[in-house]
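Visitor: Got start36.txt for you, compact mmCIF, C-alpha atoms:
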# COMPACT_ATOMS: atom_id res chain seq x y z
CA MET J 1490 -76.56 -53.03 -133.05
CA THR J 1491 -76.07 -54.27 -136.61
CA THR J 1492 -72.85 -54.10 -138.58
CA ARG J 1493 -73.23 -52.85 -142.11
CA THR J 1494 -71.12 -54.22 -144.92
CA PRO J 1495 -69.13 -51.44 -146.64
CA ALA J 1496 -70.53 -50.50 -150.05
CA ARG J 1497 -67.19 -50.61 -151.89
CA PRO J 1498 -66.49 -54.38 -151.56
CA LEU J 1499 -70.12 -55.12 -152.45
CA LEU J 1500 -69.72 -53.06 -155.62
CA LEU J 1501 -66.43 -54.84 -156.43
CA VAL J 1502 -68.04 -58.28 -156.16
CA LEU J 1503 -71.13 -57.31 -158.16
CA THR J 1504 -68.87 -55.85 -160.85
CA ALA J 1505 -66.87 -59.08 -160.91
CA ILE J 1506 -70.03 -61.18 -161.26
CA VAL J 1507 -71.36 -59.07 -164.13
CA SER J 1508 -67.91 -59.07 -165.77
CA VAL J 1509 -67.68 -62.87 -165.71
CA GLN J 1510 -71.10 -63.39 -167.24
CA PHE J 1511 -70.64 -60.79 -169.97
CA GLY J 1512 -67.33 -62.50 -170.72
CA GLY J 1513 -69.29 -65.74 -171.04
CA ALA J 1514 -71.78 -64.09 -173.37
CA LEU J 1515 -68.90 -62.81 -175.50
CA ALA J 1516 -67.51 -66.35 -175.55
CA ALA J 1517 -70.86 -67.59 -176.86
CA THR J 1518 -70.31 -65.42 -179.95
CA LEU J 1519 -66.78 -66.82 -180.42
CA VAL J 1520 -67.61 -70.53 -180.08
CA PRO J 1521 -69.49 -70.72 -183.42
CA GLU J 1522 -66.48 -69.16 -185.16
CA ILE J 1523 -63.56 -71.24 -183.84
CA GLY J 1524 -65.21 -73.91 -181.69
CA ALA J 1525 -65.27 -74.48 -177.94
CA GLY J 1526 -61.71 -75.83 -177.85
CA GLY J 1527 -60.35 -72.90 -179.82
CA SER J 1528 -62.27 -70.38 -177.70
CA VAL J 1529 -60.97 -71.84 -174.44
CA THR J 1530 -57.41 -72.05 -175.76
CA LEU J 1531 -57.49 -68.46 -176.99
CA ARG J 1532 -58.86 -67.21 -173.69
CA LEU J 1533 -56.24 -69.14 -171.71
CA VAL J 1534 -53.38 -67.90 -173.91
CA PHE J 1535 -54.21 -64.30 -173.04
CA ALA J 1536 -55.20 -64.97 -169.40
CA THR J 1537 -52.03 -66.98 -168.74
CA ALA J 1538 -49.81 -64.32 -170.30
CA ILE J 1539 -51.43 -61.52 -168.28
CA LEU J 1540 -51.32 -63.45 -165.00
CA TRP J 1541 -47.68 -64.44 -165.51
CA VAL J 1542 -46.76 -60.78 -166.06
CA ILE J 1543 -48.66 -59.80 -162.90
CA ALA J 1544 -47.71 -62.70 -160.60
CA ARG J 1545 -44.26 -63.63 -161.98
CA PRO J 1546 -44.51 -67.12 -160.46
CA ARG J 1547 -41.41 -69.06 -159.41
CA VAL J 1548 -41.10 -72.38 -161.23
CA ARG J 1549 -38.35 -73.79 -159.02
CA GLY J 1550 -38.25 -74.50 -155.30
CA HIS J 1551 -41.73 -75.98 -154.82
CA ARG J 1552 -42.54 -79.26 -153.09
CA ARG J 1553 -43.82 -82.26 -155.03
CA ALA J 1554 -47.17 -81.96 -153.22
CA ALA J 1555 -47.44 -78.34 -154.36
CA TRP J 1556 -46.92 -79.34 -157.99
CA LEU J 1557 -49.53 -82.09 -157.70
CA THR J 1558 -51.96 -79.49 -156.38
CA VAL J 1559 -51.22 -77.16 -159.30
CA LEU J 1560 -51.65 -79.99 -161.80
CA GLY J 1561 -55.07 -80.87 -160.35
CA PHE J 1562 -56.01 -77.20 -160.12
CA GLY J 1563 -55.07 -76.55 -163.74
CA ALA J 1564 -56.74 -79.69 -165.07
CA ALA J 1565 -60.00 -78.79 -163.30
CA LEU J 1566 -59.77 -75.22 -164.61
CA GLY J 1567 -59.16 -76.30 -168.20
CA LEU J 1568 -61.86 -78.99 -168.28
CA MET J 1569 -64.35 -76.69 -166.56
CA ASN J 1570 -63.95 -74.04 -169.24
CA LEU J 1571 -63.94 -76.57 -172.07
CA ALA J 1572 -67.15 -78.25 -170.87
CA PHE J 1573 -68.87 -74.91 -170.20
CA TYR J 1574 -67.97 -73.39 -173.56
CA SER J 1575 -69.11 -76.58 -175.28
CA SER J 1576 -72.47 -76.33 -173.50
CA LEU J 1577 -73.00 -72.83 -174.93
CA ALA J 1578 -73.44 -74.39 -178.36
CA HIS J 1579 -76.56 -76.15 -177.02
CA LEU J 1580 -78.01 -73.98 -174.22
CA PRO J 1581 -78.78 -70.32 -173.47
CA ILE J 1582 -76.03 -68.95 -171.24
CA GLY J 1583 -78.42 -68.40 -168.31
CA VAL J 1584 -79.44 -72.06 -168.36
CA ALA J 1585 -75.83 -73.26 -168.74
CA VAL J 1586 -74.60 -71.19 -165.79
CA THR J 1587 -77.51 -72.30 -163.60
CA ILE J 1588 -76.81 -75.98 -164.28
CA GLU J 1589 -73.09 -75.41 -163.79
CA PHE J 1590 -73.80 -73.74 -160.45
CA LEU J 1591 -75.03 -77.06 -159.07
CA GLY J 1592 -71.37 -78.06 -158.68
CA PRO J 1593 -70.39 -75.55 -155.98
CA LEU J 1594 -73.90 -75.80 -154.49
CA THR J 1595 -73.55 -79.56 -154.03
CA LEU J 1596 -70.04 -79.12 -152.63
CA ALA J 1597 -71.23 -76.50 -150.13
CA THR J 1598 -74.04 -78.80 -149.03
CA ALA J 1599 -71.67 -81.75 -148.59
CA LEU J 1600 -69.34 -79.63 -146.47
CA SER J 1601 -72.12 -78.23 -144.26
CA ARG J 1602 -73.99 -81.51 -143.57
CA ARG J 1603 -77.11 -79.76 -142.26
CA LEU J 1604 -80.64 -81.02 -142.79
CA ARG J 1605 -81.88 -77.56 -143.81
CA ASP J 1606 -79.43 -77.52 -146.70
CA LEU J 1607 -80.91 -80.73 -148.09
CA GLY J 1608 -84.21 -78.86 -148.50
CA ALA J 1609 -82.37 -76.12 -150.37
CA VAL J 1610 -80.82 -78.69 -152.70
CA ALA J 1611 -84.26 -80.20 -153.30
CA ALA J 1612 -85.53 -76.74 -154.28
CA ALA J 1613 -82.55 -76.37 -156.59
CA ALA J 1614 -83.35 -79.74 -158.19
CA VAL J 1615 -86.90 -78.57 -158.90
CA GLY J 1616 -85.43 -75.38 -160.35
CA VAL J 1617 -83.16 -77.35 -162.68
CA VAL J 1618 -86.12 -79.39 -163.94
CA LEU J 1619 -87.99 -76.17 -164.72
CA ILE J 1620 -84.96 -74.59 -166.38
CA SER J 1621 -84.34 -77.62 -168.60
CA GLU J 1622 -87.99 -77.52 -169.77
CA ALA J 1623 -88.15 -81.28 -169.25
CA LEU J 1624 -91.80 -81.01 -168.10
CA ASP J 1625 -93.16 -79.54 -171.34
CA THR J 1626 -90.64 -80.83 -173.88
CA PRO J 1627 -90.55 -84.37 -175.33
CA LEU J 1628 -87.60 -86.30 -173.88
CA ALA J 1629 -86.16 -86.76 -177.36
CA GLU J 1630 -85.98 -82.97 -177.79
CA VAL J 1631 -84.44 -82.10 -174.42
CA GLU J 1632 -80.91 -80.76 -174.87
CA TRP J 1633 -79.29 -83.62 -172.98
CA THR J 1634 -75.88 -82.93 -174.50
CA GLY J 1635 -75.88 -79.31 -173.34
CA LEU J 1636 -77.24 -80.22 -169.90
CA GLY J 1637 -74.61 -82.94 -169.50
CA LEU J 1638 -71.78 -80.62 -170.52
CA ALA J 1639 -72.98 -77.91 -168.13
CA ALA J 1640 -73.22 -80.49 -165.33
CA LEU J 1641 -69.68 -81.67 -166.11
CA ALA J 1642 -68.52 -78.05 -165.92
CA GLY J 1643 -70.19 -77.83 -162.50
CA ALA J 1644 -68.38 -80.94 -161.26
CA CYS J 1645 -65.08 -79.49 -162.48
CA TRP J 1646 -65.96 -76.19 -160.76
CA ALA J 1647 -66.36 -78.04 -157.45
CA ALA J 1648 -62.98 -79.74 -157.97
CA TYR J 1649 -61.51 -76.36 -158.91
CA ILE J 1650 -62.74 -74.83 -155.65
CA LEU J 1651 -61.14 -77.57 -153.57
CA ALA J 1652 -57.86 -77.42 -155.51
CA SER J 1653 -57.80 -73.64 -155.33
CA GLY J 1654 -57.96 -73.71 -151.54
CA ARG J 1655 -54.95 -76.02 -151.44
CA ALA J 1656 -53.06 -73.92 -153.99
CA GLY J 1657 -53.71 -70.82 -151.91
CA ARG J 1658 -51.98 -72.49 -148.97
CA GLU J 1659 -49.06 -73.78 -151.05
CA PHE J 1660 -48.30 -70.65 -153.08
CA PRO J 1661 -48.21 -66.93 -152.21
CA LYS J 1662 -50.57 -64.41 -153.81
CA LEU J 1663 -51.48 -65.30 -157.41
CA GLU J 1664 -48.57 -67.68 -158.08
CA GLY J 1665 -50.65 -70.84 -157.79
CA LEU J 1666 -53.34 -69.46 -160.08
CA ALA J 1667 -50.79 -68.35 -162.69
CA LEU J 1668 -49.13 -71.78 -162.73
CA ALA J 1669 -52.53 -73.50 -162.87
CA MET J 1670 -53.51 -71.33 -165.85
CA ALA J 1671 -50.45 -72.58 -167.70
CA VAL J 1672 -51.40 -76.19 -166.90
CA ALA J 1673 -54.97 -75.53 -168.08
CA LEU J 1674 -53.61 -74.16 -171.34
CA VAL J 1675 -51.60 -77.34 -171.90
CA VAL J 1676 -54.68 -79.48 -171.09
CA THR J 1677 -56.95 -77.66 -173.55
CA LEU J 1678 -54.39 -77.06 -176.31
CA PRO J 1679 -55.04 -80.42 -178.06
CA PHE J 1680 -58.72 -79.44 -178.36
CA GLY J 1681 -57.98 -75.97 -179.76
CA VAL J 1682 -54.79 -76.26 -181.78
CA ARG J 1683 -56.64 -77.20 -184.99
CA SER J 1684 -58.61 -73.94 -184.83
CA ILE J 1685 -55.49 -71.72 -184.90
CA PRO J 1686 -55.59 -71.22 -188.72
CA ASP J 1687 -59.15 -69.88 -188.27
CA TRP J 1688 -58.12 -67.22 -185.76
CA THR J 1689 -58.72 -63.74 -187.17
CA GLY J 1690 -58.12 -60.29 -185.83
CA GLU J 1691 -61.72 -60.22 -184.61
CA SER J 1692 -61.42 -63.57 -182.83
CA LEU J 1693 -58.15 -62.47 -181.20
CA ALA J 1694 -59.87 -59.30 -179.95
CA LYS J 1695 -62.74 -61.36 -178.57
CA GLY J 1696 -60.31 -63.78 -176.92
CA LEU J 1697 -58.52 -60.92 -175.21
CA GLY J 1698 -61.83 -59.45 -174.08
CA ILE J 1699 -62.96 -62.80 -172.69
CA ALA J 1700 -59.66 -63.28 -170.85
CA VAL J 1701 -59.98 -59.86 -169.21
CA LEU J 1702 -63.72 -60.05 -168.47
CA SER J 1703 -63.82 -63.69 -167.30
CA SER J 1704 -60.43 -64.10 -165.62
CA VAL J 1705 -58.15 -61.15 -164.90
CA LEU J 1706 -60.70 -58.48 -163.92
CA PRO J 1707 -63.02 -60.63 -161.72
CA TYR J 1708 -60.14 -62.38 -159.93
CA SER J 1709 -58.56 -59.03 -159.10
CA LEU J 1710 -61.84 -57.47 -157.94
CA GLU J 1711 -62.77 -60.49 -155.81
CA LEU J 1712 -59.37 -60.62 -154.13
CA ALA J 1713 -59.65 -56.92 -153.29
CA ALA J 1714 -63.21 -57.33 -151.96
CA LEU J 1715 -62.40 -60.35 -149.80
CA ARG J 1716 -59.94 -58.30 -147.77
CA THR J 1717 -62.93 -56.70 -146.02
CA LEU J 1718 -65.94 -58.83 -147.05
CA SER J 1719 -67.04 -61.86 -145.07
CA PRO J 1720 -67.33 -65.24 -146.87
CA ARG J 1721 -71.00 -65.34 -145.79
CA VAL J 1722 -71.86 -62.16 -147.70
CA PHE J 1723 -69.64 -63.16 -150.60
CA GLY J 1724 -71.43 -66.49 -150.92
CA ILE J 1725 -74.81 -64.78 -151.11
CA LEU J 1726 -73.56 -62.40 -153.79
CA LEU J 1727 -71.97 -65.23 -155.76
CA SER J 1728 -75.38 -66.88 -155.92
CA LEU J 1729 -76.52 -64.07 -158.22
CA GLU J 1730 -74.35 -65.41 -161.06
CA PRO J 1731 -77.16 -67.32 -162.84
CA ALA J 1732 -79.29 -64.17 -162.86
CA ALA J 1733 -76.36 -62.12 -164.16
CA ALA J 1734 -75.83 -64.75 -166.86
CA ALA J 1735 -79.47 -64.45 -167.93
CA LEU J 1736 -79.09 -60.67 -168.13
CA ALA J 1737 -75.91 -60.99 -170.20
CA GLY J 1738 -77.61 -63.49 -172.49
CA LEU J 1739 -80.49 -61.07 -173.04
CA VAL J 1740 -78.32 -57.98 -173.64
CA VAL J 1741 -75.52 -59.53 -175.72
CA LEU J 1742 -77.20 -62.52 -177.38
CA GLY J 1743 -80.90 -61.65 -177.34
CA GLN J 1744 -81.69 -64.88 -175.45
CA ARG J 1745 -85.00 -64.81 -173.59
CA LEU J 1746 -86.06 -67.31 -170.94
CA GLY J 1747 -89.66 -68.39 -170.36
CA PRO J 1748 -91.57 -67.84 -167.09
CA LEU J 1749 -90.96 -71.40 -165.83
CA GLN J 1750 -87.24 -71.12 -166.60
CA LEU J 1751 -87.07 -67.84 -164.69
CA LEU J 1752 -88.89 -69.47 -161.76
CA GLY J 1753 -86.41 -72.36 -161.88
CA MET J 1754 -83.50 -69.94 -161.91
CA PHE J 1755 -84.96 -68.14 -158.90
CA LEU J 1756 -85.15 -71.44 -157.00
CA VAL J 1757 -81.51 -72.24 -157.76
CA VAL J 1758 -80.37 -68.72 -156.78
CA LEU J 1759 -82.36 -68.93 -153.54
CA ALA J 1760 -80.97 -72.37 -152.70
CA SER J 1761 -77.43 -71.24 -153.45
CA ALA J 1762 -77.79 -68.15 -151.27
CA LEU J 1763 -79.05 -70.25 -148.37
CA VAL J 1764 -76.38 -72.92 -148.63
CA MET J 1765 -73.31 -70.98 -149.77
CA GLY J 1766 -73.91 -67.74 -147.93
CA ALA J 1767 -76.28 -67.60 -144.99
CA GLY J 1768 -75.25 -70.99 -143.67
CA GLN J 1769 -71.51 -70.41 -143.45
CA ARG J 1770 -70.15 -70.10 -139.91
CA ARG J 1771 -68.48 -66.79 -139.25
CA ASP J 1772 -66.33 -68.35 -136.52
CA ALA J 1773 -65.01 -71.20 -138.69
CA PRO J 1774 -61.34 -71.04 -139.65
CA PRO J 1775 -60.70 -70.13 -143.30
CA GLU J 1776 -59.62 -73.63 -144.30
CA GLU J 1777 -63.00 -75.05 -143.18
CA ARG J 1778 -65.03 -72.61 -145.26
CA LEU J 1779 -65.92 -73.10 -148.87
CA ASP J 1780 -63.63 -70.76 -150.77
CA PRO J 1781 -66.03 -68.73 -152.90
CA ALA J 1782 -63.43 -66.51 -154.53
CA LEU J 1783 -63.85 -68.27 -157.83
CA SER J 1784 -66.11 -67.66 -160.77
CA GLY J 1785 -66.90 -70.43 -163.13
CA GLY J 1786 -67.52 -70.37 -166.86
Now, as a test, write the supplied structure out as structure tokens.
Guide:
Amino acid sequence: MTTRTPARPLLLVLTAIVSVQFGGALAATLVPEIGAGGSVTLRLVFATAILWVIARPRVRGHRRAAWLTVLGFGAALGLMNLAFYSSLAHLPIGVAVTIEFLGPLTLATALSRRLRDLGAVAAAAVGVVLISEALDTPLAEVEWTGLGLAALAGACWAAYILASGRAGREFPKLEGLALAMAVALVVTLPFGVRSIPDWTGESLAKGLGIAVLSSVLPYSLELAALRTLSPRVFGILLSLEPAAAALAGLVVLGQRLGPLQLLGMFLVVLASALVMGAGQRRDAPPEERLDPALSGG
């Protein structure tokens, strides 16, 4: 007898995934106007304000170890967004998200330590080569800057996942996330403060939209879904993010990917589904599982 996953949490997660990537596509329209630093700062201003109203975090009464966790969590969050938004100036959003996704994929593989997962990572590596168009593009013309920034965002995403698990144990509900958002804002502010005179009513509206689409809405939907959804199924769904990013890039930005890039993206999505979803042990305690309740970018 098979157990079916309820449709409602599946719909919540899929909505969260689409929301994050359309928020990223909206950010790609803001970066040329006020820069990556300004875009990240503007998003974090709104996201921090909204989360503080919702979570009302306590600033006093926390252990030193808890504050160190929040500092690491916030730094990873801020640098992840800064590197990802910077990569959007060089890469289509579908390519940037796929490269970024190597961070949690590598982390999941390192935590599982199974031989089968190494094959999945190898497939993902082939996919990245196809996505980057390194095979049919002269090395001098490959967007190394964009690829490097997206890879840095992926490394920060992996650190963010680890720090988020610790913050979840140190702080109740959304308190750790709200405090980390404030730290991320402080980290990115030096990169965005010079853009403040360029902020217009349109850029403020976009910043609010990005904060809602990429932070507040997906976090809320994912938390609601994970009350009834297993981490195994969630991991598989999360692996659809690169495909959702490609769709958002096409609809919002008119970015089209070639056949080889789409094949590469498929390989990365398949590898991610195998490693992050199907391979997770249902009987493992929560602290031993990769916490997937995070969306990068």
Visitor: Of the candidates J:Leu1540, J:Ala1639, J:Leu1596, J:Ala1613, which one gets nearest to Ser1576 in chain J if we count all atoms listed in the file?
Guide: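 Nearest to Ser1576 in chain J: J:Ala1639.
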Visitor: Under the rule that only C-alpha atoms are counted, which of J:Val1758, J:Leu1636, J:Ala1585, J:Ala1525 is the nearest residue to Asn1570 in chain J?
Guide: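 For Asn1570 in chain J, the nearest of the given residues is J:Ala1525.
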Visitor: Just want the 7 Å neighbourhood of Val1559 in chain J, counted on only C-alpha atoms, with same-chain residues fewer than 6 positions away dropped. Output as JSON, numbers by chain.
Guide: {"J": [1656, 1665, 1668, 1669]}
Visitor: Quote the spacing between CA of Leu1706 in chain J and CA of Val1507 in chain J in Å to one decimal place.
Guide: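 Between these atoms lies a distance of 10.7 Å.
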Visitor: So what do you get for CA of Phe1723 in chain J versus CA of Leu1756 in chain J, distance-wise?
Guide: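 It comes out at 18.7 Å.
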Visitor: What is the distance, in Å and to one decimal place, between CA of Val1520 in chain J and CA of Ala1700 in chain J?
Guide: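 Separation of CA of Val1520 in chain J and CA of Ala1700 in chain J: 14.2 Å.
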Visitor: Using only C-alpha atoms, can you tell me which of J:Phe1562, J:Phe1680, J:Phe1535, J:Phe1573 comes closest to Leu1693 in chain J?
Guide: J:Phe1535
Visitor: Between J:Lys1662, J:His1579, J:Arg1603, J:Arg1532, which has the minimum distance to Pro1546 in chain J (counting all atoms listed in the file)?
Guide: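 Using all atoms listed in the file, Pro1546 in chain J sits closest to J:Lys1662.
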Visitor: So which one's closest to Met1754 in chain J, J:Leu1651, J:Ala1599, J:Ile1543, J:Val1615? Using all atoms listed in the file, please.
Guide: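 Between J:Leu1651, J:Ala1599, J:Ile1543, J:Val1615, the residue approaching Met1754 in chain J most closely is J:Val1615.
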